[in-house]
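Trainee: Quick one: structure below, then a few questions.
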Amino acid sequence: MFFSIIIPLYNRPQEIKELLESLTYQTYKQFEVLVIEDGSVNDAKDIVAGFTNQLDLHYYAKPNEGQGFTRNFGFERAKGDYFIIFDSDILVPANYLEIVNHRLTTDYLDAYGGPDDAHPSFTPLQKAISYSMTSPFTTGGIRGNKKGIGQFHPRSFNMGVSREVWQKVGGFIITRLGEDIEYSIRIHTAGFKIGLIPDAKVYHKRRTSFRQFYKQLHFFGRSRINIYKFFPSELKAVHFFPAVFTLGLLFSVIANLLRWPVAILCNAFVCLFIVLIFFHSLYKNKSLKVAFLSIGAAFIQLTAYGLGFMQDYWKRVILKKS
């Protein structure tokens with residue numbers, strides 16, 4: 001099977017260097033790489049050129065349209081039997097394509113997704129953020145999980161679709177705000193088989209500061225409402241959890257300020273949540289620093305997502321604004 005790896009890129013030259021470096025170590029060699037610069041000011045043309053002797057590599061530059069339509073640009077130019085979509089902020093284990101090829105040749109999937117993890121070289125903050133996005137105590141626990149809630153939706157940081165899917169379903173019809181979930185729902189609706197390949201993991205750097213992480217998760221919260229506008233049935237009870245958590249924190253602050261008796265119960269819940277996050281992260285990461293940072297990452301993840309969710313739910317569902 002010949003794979004086309006498609007990577008949208010926007011002002012992140014250092015990230016693409018690390019990603020391309022990881023691809024040079026793939027044990028399965030039948031693949032090409034398409035890097036599409038999406039209107040970047042700080043482009044990576046020279047960096048990408050440095051890998052042309054190591055990879056079957058194609059570089060394109062185009063006006064900015066967002067990651068969804070940039071992936072479509074790659075689909076139109078790809079030569080592979082199967083398209084693999086990566087975000088630029090990942091590292092790929094050397095046996096990734098070998099794992100995917102084995103799964104597709106033994107139990108075929110028309111589209112797939114894989115989980116993400118933290119690489120040992122990541123900073124403590126990056127490891128804490130990665131923990132919060134994969135922890136069972138936050139909404140991240142449903143991502144890349146065999147026991148996820150409801151229909152499995154591959155995420156575009158680590159996602160593959162066959163050429164047949166692209167030919168029959170087309171590409172992305174929205175360019176951001178949940179474009180990958182919307183795409184996977186259409187693939188499901190068209191009758192194609194989608195599944196998780198648990199061992200096809202990537203190392204996801206995500207964001208390098210809590211401020212950037214907050215902005216990203218606020219965007220994710222808004223994305224869920226965007227998906228709801230396309231597919232109302234896809235809004236599940238679990239998607240309200242971050243908003244409920246955020247409102248609960250606000251209520252806890254008010255209860256403490258006004259010295260309501262219920263503040264004792266609120267404080268006990270918050271303390272229990274902190275303890276669970278701390279010790280679970282300590283068990284997984286074997287680092288006190290990462291465990292402490294995981295507390296902050298978990299609170300930021302849930303409140304940022306919750307605020308973004310509530311913002312667009314109020315504007316687009318209650319007030320019915322476009």
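The way I read the labels, and the way they are meant: chains A, B, ... in the order of the structure tokens, residue 1 as the first residue of every chain, and ligand 1 as the first ligand shown, with later ones counted on from there.
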Could you list, as number ranges by chain, every residue within 9 Å of range 95-107 of chain A, counting only C-alpha atoms and ignoring same-chain residues fewer than 5 positions away?
Mentor: A: 1, 3, 25-31, 197, 199-202
Trainee: Those same residues, written as a tab-separated table (two decimals), in the first residue's frame with all heavy atoms?
Mentor:
chain	number	residue	atom	x	y	z
A	1	MET	N	0.84	-1.19	0.00
A	1	MET	CA	0.00	0.00	0.00
A	1	MET	C	0.88	1.25	0.00
A	1	MET	O	1.87	1.32	0.74
A	1	MET	CB	-0.94	0.00	1.21
A	1	MET	CG	-1.93	1.14	1.23
A	1	MET	SD	-3.19	0.93	2.50
A	1	MET	CE	-4.09	-0.48	1.85
A	3	PHE	N	1.20	5.21	0.74
A	3	PHE	CA	0.57	6.23	1.57
A	3	PHE	C	0.99	7.62	1.13
A	3	PHE	O	2.16	7.85	0.77
A	3	PHE	CB	0.95	6.04	3.03
A	3	PHE	CG	0.47	4.76	3.65
A	3	PHE	CD1	1.32	3.69	3.82
A	3	PHE	CD2	-0.86	4.63	4.04
A	3	PHE	CE1	0.87	2.51	4.38
A	3	PHE	CE2	-1.32	3.45	4.60
A	3	PHE	CZ	-0.45	2.39	4.77
A	25	TYR	N	12.77	8.03	9.68
A	25	TYR	CA	13.09	6.77	10.36
A	25	TYR	C	12.02	5.70	10.17
A	25	TYR	O	12.10	4.64	10.81
A	25	TYR	CB	13.29	7.03	11.86
A	25	TYR	CG	14.43	7.96	12.17
A	25	TYR	CD1	14.18	9.24	12.68
A	25	TYR	CD2	15.75	7.58	11.95
A	25	TYR	CE1	15.22	10.11	12.95
A	25	TYR	CE2	16.80	8.45	12.23
A	25	TYR	CZ	16.53	9.71	12.74
A	25	TYR	OH	17.57	10.56	13.01
A	26	GLN	N	11.02	5.95	9.34
A	26	GLN	CA	9.96	4.97	9.16
A	26	GLN	C	10.51	3.64	8.63
A	26	GLN	O	11.28	3.61	7.67
A	26	GLN	CB	8.89	5.49	8.21
A	26	GLN	CG	8.03	6.60	8.79
A	26	GLN	CD	7.25	6.12	10.01
A	26	GLN	OE1	6.49	5.16	9.95
A	26	GLN	NE2	7.47	6.80	11.13
A	27	THR	N	10.08	2.54	9.25
A	27	THR	CA	10.53	1.21	8.80
A	27	THR	C	9.78	0.77	7.54
A	27	THR	O	10.27	-0.09	6.80
A	27	THR	CB	10.31	0.17	9.92
A	27	THR	OG1	8.93	0.22	10.35
A	27	THR	CG2	11.20	0.46	11.11
A	28	TYR	N	8.60	1.34	7.31
A	28	TYR	CA	7.83	1.07	6.09
A	28	TYR	C	8.07	2.25	5.14
A	28	TYR	O	7.84	3.40	5.51
A	28	TYR	CB	6.35	0.94	6.42
A	28	TYR	CG	5.48	0.55	5.25
A	28	TYR	CD1	5.25	-0.79	4.95
A	28	TYR	CD2	4.87	1.51	4.45
A	28	TYR	CE1	4.44	-1.16	3.89
A	28	TYR	CE2	4.06	1.15	3.39
A	28	TYR	CZ	3.85	-0.19	3.11
A	28	TYR	OH	3.06	-0.55	2.04
A	29	LYS	N	8.55	1.96	3.94
A	29	LYS	CA	9.10	3.02	3.08
A	29	LYS	C	8.18	3.47	1.94
A	29	LYS	O	8.52	4.42	1.23
A	29	LYS	CB	10.42	2.53	2.47
A	29	LYS	CG	11.46	2.09	3.49
A	29	LYS	CD	11.92	3.25	4.35
A	29	LYS	CE	13.04	2.84	5.30
A	29	LYS	NZ	13.48	3.97	6.17
A	30	GLN	N	7.02	2.84	1.77
A	30	GLN	CA	6.18	3.17	0.62
A	30	GLN	C	5.27	4.35	0.93
A	30	GLN	O	4.08	4.19	1.17
A	30	GLN	CB	5.37	1.95	0.20
A	30	GLN	CG	6.19	0.72	-0.11
A	30	GLN	CD	7.17	0.96	-1.24
A	30	GLN	OE1	6.81	1.49	-2.29
A	30	GLN	NE2	8.42	0.59	-1.03
A	31	PHE	N	5.83	5.55	0.89
A	31	PHE	CA	5.02	6.73	1.18
A	31	PHE	C	5.65	7.98	0.58
A	31	PHE	O	6.86	8.03	0.30
A	31	PHE	CB	4.83	6.90	2.69
A	31	PHE	CG	6.08	7.29	3.44
A	31	PHE	CD1	6.35	8.62	3.76
A	31	PHE	CD2	6.99	6.32	3.86
A	31	PHE	CE1	7.49	8.97	4.47
A	31	PHE	CE2	8.13	6.66	4.58
A	31	PHE	CZ	8.38	8.00	4.88
A	197	ILE	N	-7.08	2.56	15.43
A	197	ILE	CA	-5.91	1.68	15.45
A	197	ILE	C	-5.12	2.06	16.70
A	197	ILE	O	-4.35	3.03	16.70
A	197	ILE	CB	-5.05	1.83	14.17
A	197	ILE	CG1	-5.91	1.59	12.92
A	197	ILE	CG2	-3.88	0.85	14.20
A	197	ILE	CD1	-5.15	1.68	11.61
A	199	ASP	N	-2.54	1.09	18.33
A	199	ASP	CA	-1.07	1.15	18.36
A	199	ASP	C	-0.50	2.19	17.42
A	199	ASP	O	0.71	2.44	17.44
A	199	ASP	CB	-0.48	-0.22	18.03
A	199	ASP	CG	-0.82	-1.27	19.08
A	199	ASP	OD1	-0.94	-0.89	20.26
A	199	ASP	OD2	-0.97	-2.45	18.72
A	200	ALA	N	-1.35	2.80	16.59
A	200	ALA	CA	-0.87	3.82	15.65
A	200	ALA	C	-0.87	5.18	16.33
A	200	ALA	O	-1.58	6.10	15.94
A	200	ALA	CB	-1.74	3.84	14.40
A	201	LYS	N	-0.05	5.31	17.35
A	201	LYS	CA	-0.02	6.56	18.12
A	201	LYS	C	1.01	7.53	17.55
A	201	LYS	O	1.94	7.14	16.83
A	201	LYS	CB	0.29	6.29	19.59
A	201	LYS	CG	1.72	5.85	19.85
A	201	LYS	CD	1.96	5.69	21.34
A	201	LYS	CE	3.40	5.26	21.61
A	201	LYS	NZ	3.66	5.08	23.06
A	202	VAL	N	0.83	8.77	17.87
A	202	VAL	CA	1.81	9.80	17.56
A	202	VAL	C	2.10	10.56	18.85
A	202	VAL	O	1.34	10.50	19.81
A	202	VAL	CB	1.32	10.79	16.47
A	202	VAL	CG1	1.08	10.06	15.16
A	202	VAL	CG2	0.06	11.53	16.93
Trainee: Please provide the set of residues having any atom within 10 Å of range 63-79 of chain A, restricted to only C-alpha atoms, with same-chain residues fewer than 5 positions apart removed, written as a PDB file with N, CA and C atoms, in the first residue's frame.
Mentor:
ATOM      1  N   PHE A   2       0.538   2.207  -0.848  1.00  0.00           N
ATOM      2  CA  PHE A   2       1.311   3.454  -0.924  1.00  0.00           C
ATOM      3  C   PHE A   2       0.532   4.551  -0.204  1.00  0.00           C
ATOM      4  N   PHE A   3       1.204   5.206   0.742  1.00  0.00           N
ATOM      5  CA  PHE A   3       0.570   6.225   1.566  1.00  0.00           C
ATOM      6  C   PHE A   3       0.993   7.625   1.125  1.00  0.00           C
ATOM      7  N   SER A   4       0.043   8.546   1.191  1.00  0.00           N
ATOM      8  CA  SER A   4       0.336   9.974   1.000  1.00  0.00           C
ATOM      9  C   SER A   4       0.110  10.667   2.330  1.00  0.00           C
ATOM     10  N   ILE A   5       1.180  11.197   2.914  1.00  0.00           N
ATOM     11  CA  ILE A   5       1.100  11.905   4.186  1.00  0.00           C
ATOM     12  C   ILE A   5       0.920  13.393   3.892  1.00  0.00           C
ATOM     13  N   ILE A   6      -0.160  13.975   4.400  1.00  0.00           N
ATOM     14  CA  ILE A   6      -0.529  15.353   4.077  1.00  0.00           C
ATOM     15  C   ILE A   6      -0.432  16.190   5.344  1.00  0.00           C
ATOM     16  N   ILE A   7       0.361  17.261   5.282  1.00  0.00           N
ATOM     17  CA  ILE A   7       0.635  18.074   6.469  1.00  0.00           C
ATOM     18  C   ILE A   7       0.378  19.547   6.155  1.00  0.00           C
ATOM     19  N   PRO A   8      -0.718  20.119   6.635  1.00  0.00           N
ATOM     20  CA  PRO A   8      -0.901  21.575   6.524  1.00  0.00           C
ATOM     21  C   PRO A   8       0.086  22.276   7.460  1.00  0.00           C
ATOM     22  N   LEU A   9       0.553  23.440   7.039  1.00  0.00           N
ATOM     23  CA  LEU A   9       1.561  24.146   7.839  1.00  0.00           C
ATOM     24  C   LEU A   9       1.266  25.635   7.839  1.00  0.00           C
ATOM     25  N   TYR A  10       1.319  26.214   9.044  1.00  0.00           N
ATOM     26  CA  TYR A  10       1.075  27.656   9.156  1.00  0.00           C
ATOM     27  C   TYR A  10       2.024  28.261  10.184  1.00  0.00           C
ATOM     28  N   PHE A  31       5.831   5.548   0.891  1.00  0.00           N
ATOM     29  CA  PHE A  31       5.022   6.727   1.178  1.00  0.00           C
ATOM     30  C   PHE A  31       5.652   7.982   0.578  1.00  0.00           C
ATOM     31  N   GLU A  32       4.790   8.968   0.374  1.00  0.00           N
ATOM     32  CA  GLU A  32       5.221  10.304  -0.011  1.00  0.00           C
ATOM     33  C   GLU A  32       4.740  11.283   1.055  1.00  0.00           C
ATOM     34  N   VAL A  33       5.331  12.468   1.059  1.00  0.00           N
ATOM     35  CA  VAL A  33       4.959  13.493   2.026  1.00  0.00           C
ATOM     36  C   VAL A  33       4.632  14.786   1.278  1.00  0.00           C
ATOM     37  N   LEU A  34       3.446  15.343   1.561  1.00  0.00           N
ATOM     38  CA  LEU A  34       3.050  16.623   0.979  1.00  0.00           C
ATOM     39  C   LEU A  34       2.941  17.648   2.102  1.00  0.00           C
ATOM     40  N   VAL A  35       3.780  18.670   2.039  1.00  0.00           N
ATOM     41  CA  VAL A  35       3.741  19.770   2.995  1.00  0.00           C
ATOM     42  C   VAL A  35       3.101  20.954   2.293  1.00  0.00           C
ATOM     43  N   ILE A  36       1.988  21.442   2.829  1.00  0.00           N
ATOM     44  CA  ILE A  36       1.268  22.553   2.193  1.00  0.00           C
ATOM     45  C   ILE A  36       1.308  23.762   3.103  1.00  0.00           C
ATOM     46  N   GLU A  37       2.033  24.779   2.681  1.00  0.00           N
ATOM     47  CA  GLU A  37       2.155  26.023   3.433  1.00  0.00           C
ATOM     48  C   GLU A  37       0.879  26.843   3.215  1.00  0.00           C
ATOM     49  N   ASP A  38       0.151  27.073   4.296  1.00  0.00           N
ATOM     50  CA  ASP A  38      -1.172  27.707   4.211  1.00  0.00           C
ATOM     51  C   ASP A  38      -1.077  29.218   4.455  1.00  0.00           C
ATOM     52  N   GLY A  39      -0.416  29.912   3.521  1.00  0.00           N
ATOM     53  CA  GLY A  39      -0.320  31.362   3.628  1.00  0.00           C
ATOM     54  C   GLY A  39       0.580  31.839   4.744  1.00  0.00           C
ATOM     55  N   SER A  40       1.604  31.068   5.087  1.00  0.00           N
ATOM     56  CA  SER A  40       2.496  31.442   6.181  1.00  0.00           C
ATOM     57  C   SER A  40       3.331  32.670   5.850  1.00  0.00           C
ATOM     58  N   HIS A  58       7.094  16.689  -1.319  1.00  0.00           N
ATOM     59  CA  HIS A  58       6.520  17.692  -2.214  1.00  0.00           C
ATOM     60  C   HIS A  58       6.069  18.888  -1.379  1.00  0.00           C
ATOM     61  N   ILE A  84      -2.960  10.012   4.708  1.00  0.00           N
ATOM     62  CA  ILE A  84      -2.775  10.149   6.154  1.00  0.00           C
ATOM     63  C   ILE A  84      -2.579  11.623   6.482  1.00  0.00           C
ATOM     64  N   ILE A  85      -3.384  12.117   7.413  1.00  0.00           N
ATOM     65  CA  ILE A  85      -3.352  13.531   7.792  1.00  0.00           C
ATOM     66  C   ILE A  85      -2.652  13.659   9.140  1.00  0.00           C
ATOM     67  N   PHE A  86      -1.650  14.518   9.185  1.00  0.00           N
ATOM     68  CA  PHE A  86      -0.974  14.846  10.440  1.00  0.00           C
ATOM     69  C   PHE A  86      -1.035  16.344  10.682  1.00  0.00           C
ATOM     70  N   ASP A  87      -1.098  16.734  11.951  1.00  0.00           N
ATOM     71  CA  ASP A  87      -0.813  18.117  12.319  1.00  0.00           C
ATOM     72  C   ASP A  87       0.695  18.306  12.338  1.00  0.00           C
ATOM     73  N   SER A 156      -7.957  14.980  13.386  1.00  0.00           N
ATOM     74  CA  SER A 156      -7.068  15.256  12.259  1.00  0.00           C
ATOM     75  C   SER A 156      -5.596  15.370  12.610  1.00  0.00           C
ATOM     76  N   VAL A 161      -7.623   8.362   5.608  1.00  0.00           N
ATOM     77  CA  VAL A 161      -8.805   8.066   4.789  1.00  0.00           C
ATOM     78  C   VAL A 161      -8.336   7.460   3.472  1.00  0.00           C
ATOM     79  N   ARG A 163      -8.410   6.567  -0.584  1.00  0.00           N
ATOM     80  CA  ARG A 163      -8.703   7.345  -1.792  1.00  0.00           C
ATOM     81  C   ARG A 163     -10.169   7.195  -2.183  1.00  0.00           C
ATOM     82  N   TRP A 166     -12.330   9.638  -0.303  1.00  0.00           N
ATOM     83  CA  TRP A 166     -12.215  10.990  -0.857  1.00  0.00           C
ATOM     84  C   TRP A 166     -12.989  11.111  -2.173  1.00  0.00           C
ATOM     85  N   GLN A 167     -12.915  10.084  -3.018  1.00  0.00           N
ATOM     86  CA  GLN A 167     -13.593  10.142  -4.309  1.00  0.00           C
ATOM     87  C   GLN A 167     -15.110  10.135  -4.159  1.00  0.00           C
ATOM     88  N   GLY A 170     -15.835  13.129  -0.853  1.00  0.00           N
ATOM     89  CA  GLY A 170     -15.215  14.434  -1.009  1.00  0.00           C
ATOM     90  C   GLY A 170     -14.311  14.732   0.171  1.00  0.00           C
ATOM     91  N   GLY A 171     -13.902  15.978   0.283  1.00  0.00           N
ATOM     92  CA  GLY A 171     -13.021  16.377   1.363  1.00  0.00           C
ATOM     93  C   GLY A 171     -13.758  17.137   2.442  1.00  0.00           C
ATOM     94  N   PHE A 172     -13.035  18.040   3.094  1.00  0.00           N
ATOM     95  CA  PHE A 172     -13.605  18.838   4.176  1.00  0.00           C
ATOM     96  C   PHE A 172     -14.501  19.934   3.599  1.00  0.00           C
ATOM     97  N   ILE A 173     -15.644  20.153   4.235  1.00  0.00           N
ATOM     98  CA  ILE A 173     -16.553  21.213   3.764  1.00  0.00           C
ATOM     99  C   ILE A 173     -16.527  22.431   4.692  1.00  0.00           C
ATOM    100  N   ILE A 174     -15.921  22.283   5.857  1.00  0.00           N
ATOM    101  CA  ILE A 174     -15.601  23.441   6.698  1.00  0.00           C
ATOM    102  C   ILE A 174     -14.106  23.365   6.990  1.00  0.00           C
ATOM    103  N   THR A 175     -13.475  24.498   7.170  1.00  0.00           N
ATOM    104  CA  THR A 175     -12.022  24.496   7.248  1.00  0.00           C
ATOM    105  C   THR A 175     -11.479  24.499   8.664  1.00  0.00           C
ATOM    106  N   ARG A 176     -12.321  24.849   9.641  1.00  0.00           N
ATOM    107  CA  ARG A 176     -11.902  24.821  11.047  1.00  0.00           C
ATOM    108  C   ARG A 176     -13.151  24.687  11.924  1.00  0.00           C
ATOM    109  N   LEU A 177     -12.993  24.742  13.237  1.00  0.00           N
ATOM    110  CA  LEU A 177     -14.112  24.583  14.172  1.00  0.00           C
ATOM    111  C   LEU A 177     -14.788  23.212  14.041  1.00  0.00           C
ATOM    112  N   GLY A 178     -14.006  22.141  14.272  1.00  0.00           N
ATOM    113  CA  GLY A 178     -14.568  20.794  14.259  1.00  0.00           C
ATOM    114  C   GLY A 178     -14.664  20.162  12.893  1.00  0.00           C
ATOM    115  N   GLU A 179     -13.834  20.614  11.971  1.00  0.00           N
ATOM    116  CA  GLU A 179     -13.921  20.110  10.599  1.00  0.00           C
ATOM    117  C   GLU A 179     -13.644  18.610  10.506  1.00  0.00           C
ATOM    118  N   ASP A 180     -12.779  18.074  11.382  1.00  0.00           N
ATOM    119  CA  ASP A 180     -12.457  16.652  11.319  1.00  0.00           C
ATOM    120  C   ASP A 180     -13.621  15.786  11.794  1.00  0.00           C
ATOM    121  N   TYR A 183     -16.280  15.767   9.124  1.00  0.00           N
ATOM    122  CA  TYR A 183     -15.861  14.915   8.008  1.00  0.00           C
ATOM    123  C   TYR A 183     -16.076  13.435   8.347  1.00  0.00           C
TER     124      TYR A 183
END
Trainee: Please provide as a ChimeraX atom specification all residues within 12 Å of range 275-285 of chain A, with the sequence filter that same-chain residues fewer than 5 positions apart are discarded (counting only C-alpha atoms).
Mentor: /A:117-120,122-138,268-270,290-299
Trainee: Enter the distance from CA of Gln216 in chain A to CA of Pro232 in chain A, in Å, rounded to one decimal.
Mentor: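 The value is 23.2 Å.
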Trainee: Give me the residues within 8 Å of Glu15 in chain A as a PyMOL selection string, counting only C-alpha atoms and dropping any in the same chain fewer than 5 places off.
Mentor: chain A and resi 88-90
Trainee: Store the residues picked out above, limited to all heavy atoms, as a compact mmCIF listing (two decimals), in the first residue's frame.
Mentor:
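Written out: part25.txt:
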# COMPACT_ATOMS: atom_id res chain seq x y z
N SER A 88 1.13 19.55 12.24
CA SER A 88 2.57 19.81 12.18
C SER A 88 3.26 19.66 13.52
O SER A 88 4.49 19.57 13.58
CB SER A 88 2.83 21.21 11.62
OG SER A 88 2.28 22.21 12.47
N ASP A 89 2.49 19.63 14.63
CA ASP A 89 3.10 19.61 15.96
C ASP A 89 3.17 18.21 16.55
O ASP A 89 2.97 18.01 17.75
CB ASP A 89 2.35 20.55 16.91
CG ASP A 89 0.89 20.17 17.10
OD1 ASP A 89 0.37 19.38 16.29
OD2 ASP A 89 0.26 20.69 18.05
N ILE A 90 3.46 17.21 15.70
CA ILE A 90 3.59 15.84 16.19
C ILE A 90 4.94 15.26 15.81
O ILE A 90 5.65 15.77 14.93
CB ILE A 90 2.47 14.92 15.65
CG1 ILE A 90 2.63 14.73 14.13
CG2 ILE A 90 1.09 15.44 16.00
CD1 ILE A 90 1.89 13.54 13.61
Trainee: Which residues in range 77-267 of chain A does DSSP call strand (DSSP E)? List them as a ChimeraX atom specification.
Mentor: /A:82-86,90-91,111-113,116-117,158-162,194-196,202-204
Trainee: Output N, CA, C and O atoms of each residue in that selection to a file, as a PDB file, in the first residue's frame.
Mentor:
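For reference, out25.pdb as written:
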ATOM      1  N   TYR A  82      -3.909   5.630  -0.013  1.00  0.00           N
ATOM      2  CA  TYR A  82      -4.461   5.987   1.284  1.00  0.00           C
ATOM      3  C   TYR A  82      -3.826   7.300   1.733  1.00  0.00           C
ATOM      4  O   TYR A  82      -2.621   7.494   1.599  1.00  0.00           O
ATOM      5  N   PHE A  83      -4.646   8.216   2.233  1.00  0.00           N
ATOM      6  CA  PHE A  83      -4.167   9.529   2.667  1.00  0.00           C
ATOM      7  C   PHE A  83      -4.078   9.555   4.195  1.00  0.00           C
ATOM      8  O   PHE A  83      -5.033   9.182   4.887  1.00  0.00           O
ATOM      9  N   ILE A  84      -2.960  10.012   4.708  1.00  0.00           N
ATOM     10  CA  ILE A  84      -2.775  10.149   6.154  1.00  0.00           C
ATOM     11  C   ILE A  84      -2.579  11.623   6.482  1.00  0.00           C
ATOM     12  O   ILE A  84      -1.735  12.293   5.881  1.00  0.00           O
ATOM     13  N   ILE A  85      -3.384  12.117   7.413  1.00  0.00           N
ATOM     14  CA  ILE A  85      -3.352  13.531   7.792  1.00  0.00           C
ATOM     15  C   ILE A  85      -2.652  13.659   9.140  1.00  0.00           C
ATOM     16  O   ILE A  85      -3.018  12.999  10.110  1.00  0.00           O
ATOM     17  N   PHE A  86      -1.650  14.518   9.185  1.00  0.00           N
ATOM     18  CA  PHE A  86      -0.974  14.846  10.440  1.00  0.00           C
ATOM     19  C   PHE A  86      -1.035  16.344  10.682  1.00  0.00           C
ATOM     20  O   PHE A  86      -1.001  17.144   9.735  1.00  0.00           O
ATOM     21  N   ILE A  90       3.463  17.209  15.700  1.00  0.00           N
ATOM     22  CA  ILE A  90       3.585  15.839  16.191  1.00  0.00           C
ATOM     23  C   ILE A  90       4.942  15.256  15.806  1.00  0.00           C
ATOM     24  O   ILE A  90       5.648  15.771  14.930  1.00  0.00           O
ATOM     25  N   LEU A  91       5.288  14.156  16.462  1.00  0.00           N
ATOM     26  CA  LEU A  91       6.407  13.296  16.085  1.00  0.00           C
ATOM     27  C   LEU A  91       5.828  11.911  15.821  1.00  0.00           C
ATOM     28  O   LEU A  91       4.889  11.486  16.503  1.00  0.00           O
ATOM     29  N   ALA A 111     -11.396   4.385   6.863  1.00  0.00           N
ATOM     30  CA  ALA A 111     -10.816   5.545   7.540  1.00  0.00           C
ATOM     31  C   ALA A 111     -10.453   5.121   8.953  1.00  0.00           C
ATOM     32  O   ALA A 111     -11.081   4.226   9.522  1.00  0.00           O
ATOM     33  N   TYR A 112      -9.447   5.748   9.506  1.00  0.00           N
ATOM     34  CA  TYR A 112      -9.026   5.376  10.860  1.00  0.00           C
ATOM     35  C   TYR A 112      -8.519   6.603  11.605  1.00  0.00           C
ATOM     36  O   TYR A 112      -8.230   7.657  11.037  1.00  0.00           O
ATOM     37  N   GLY A 113      -8.418   6.441  12.898  1.00  0.00           N
ATOM     38  CA  GLY A 113      -7.769   7.426  13.744  1.00  0.00           C
ATOM     39  C   GLY A 113      -6.844   6.713  14.702  1.00  0.00           C
ATOM     40  O   GLY A 113      -6.977   5.507  14.932  1.00  0.00           O
ATOM     41  N   ASP A 116      -2.847   9.774  20.776  1.00  0.00           N
ATOM     42  CA  ASP A 116      -1.637  10.580  20.932  1.00  0.00           C
ATOM     43  C   ASP A 116      -1.064  10.343  22.320  1.00  0.00           C
ATOM     44  O   ASP A 116      -1.735   9.880  23.229  1.00  0.00           O
ATOM     45  N   ASP A 117       0.209  10.697  22.464  1.00  0.00           N
ATOM     46  CA  ASP A 117       0.915  10.475  23.721  1.00  0.00           C
ATOM     47  C   ASP A 117       2.004  11.536  23.840  1.00  0.00           C
ATOM     48  O   ASP A 117       2.240  12.314  22.903  1.00  0.00           O
ATOM     49  N   ASN A 158      -4.086  12.891  13.672  1.00  0.00           N
ATOM     50  CA  ASN A 158      -3.646  11.526  13.387  1.00  0.00           C
ATOM     51  C   ASN A 158      -4.820  10.780  12.774  1.00  0.00           C
ATOM     52  O   ASN A 158      -5.549  10.083  13.457  1.00  0.00           O
ATOM     53  N   MET A 159      -4.982  10.912  11.474  1.00  0.00           N
ATOM     54  CA  MET A 159      -6.195  10.429  10.805  1.00  0.00           C
ATOM     55  C   MET A 159      -5.846   9.936   9.405  1.00  0.00           C
ATOM     56  O   MET A 159      -4.975  10.506   8.728  1.00  0.00           O
ATOM     57  N   GLY A 160      -6.493   8.863   8.980  1.00  0.00           N
ATOM     58  CA  GLY A 160      -6.276   8.359   7.632  1.00  0.00           C
ATOM     59  C   GLY A 160      -7.593   8.106   6.914  1.00  0.00           C
ATOM     60  O   GLY A 160      -8.573   7.695   7.546  1.00  0.00           O
ATOM     61  N   VAL A 161      -7.623   8.362   5.608  1.00  0.00           N
ATOM     62  CA  VAL A 161      -8.805   8.066   4.789  1.00  0.00           C
ATOM     63  C   VAL A 161      -8.336   7.460   3.472  1.00  0.00           C
ATOM     64  O   VAL A 161      -7.295   7.834   2.931  1.00  0.00           O
ATOM     65  N   SER A 162      -9.098   6.525   2.959  1.00  0.00           N
ATOM     66  CA  SER A 162      -8.733   5.898   1.690  1.00  0.00           C
ATOM     67  C   SER A 162      -9.038   6.842   0.530  1.00  0.00           C
ATOM     68  O   SER A 162      -9.855   7.762   0.643  1.00  0.00           O
ATOM     69  N   ILE A 194     -15.072   2.828   9.744  1.00  0.00           N
ATOM     70  CA  ILE A 194     -14.096   3.656  10.446  1.00  0.00           C
ATOM     71  C   ILE A 194     -13.741   2.978  11.766  1.00  0.00           C
ATOM     72  O   ILE A 194     -14.606   2.401  12.433  1.00  0.00           O
ATOM     73  N   GLY A 195     -12.492   3.055  12.142  1.00  0.00           N
ATOM     74  CA  GLY A 195     -12.094   2.459  13.410  1.00  0.00           C
ATOM     75  C   GLY A 195     -10.840   3.079  13.985  1.00  0.00           C
ATOM     76  O   GLY A 195     -10.128   3.842  13.316  1.00  0.00           O
ATOM     77  N   LEU A 196     -10.589   2.749  15.222  1.00  0.00           N
ATOM     78  CA  LEU A 196      -9.377   3.171  15.922  1.00  0.00           C
ATOM     79  C   LEU A 196      -8.290   2.120  15.722  1.00  0.00           C
ATOM     80  O   LEU A 196      -8.558   0.928  15.817  1.00  0.00           O
ATOM     81  N   VAL A 202       0.829   8.773  17.865  1.00  0.00           N
ATOM     82  CA  VAL A 202       1.813   9.803  17.561  1.00  0.00           C
ATOM     83  C   VAL A 202       2.104  10.565  18.852  1.00  0.00           C
ATOM     84  O   VAL A 202       1.340  10.503  19.808  1.00  0.00           O
ATOM     85  N   TYR A 203       3.229  11.258  18.862  1.00  0.00           N
ATOM     86  CA  TYR A 203       3.585  12.090  20.009  1.00  0.00           C
ATOM     87  C   TYR A 203       3.189  13.530  19.684  1.00  0.00           C
ATOM     88  O   TYR A 203       3.715  14.135  18.754  1.00  0.00           O
ATOM     89  N   HIS A 204       2.238  14.040  20.458  1.00  0.00           N
ATOM     90  CA  HIS A 204       1.601  15.316  20.141  1.00  0.00           C
ATOM     91  C   HIS A 204       2.119  16.408  21.076  1.00  0.00           C
ATOM     92  O   HIS A 204       1.831  16.390  22.276  1.00  0.00           O
TER      93      HIS A 204
END
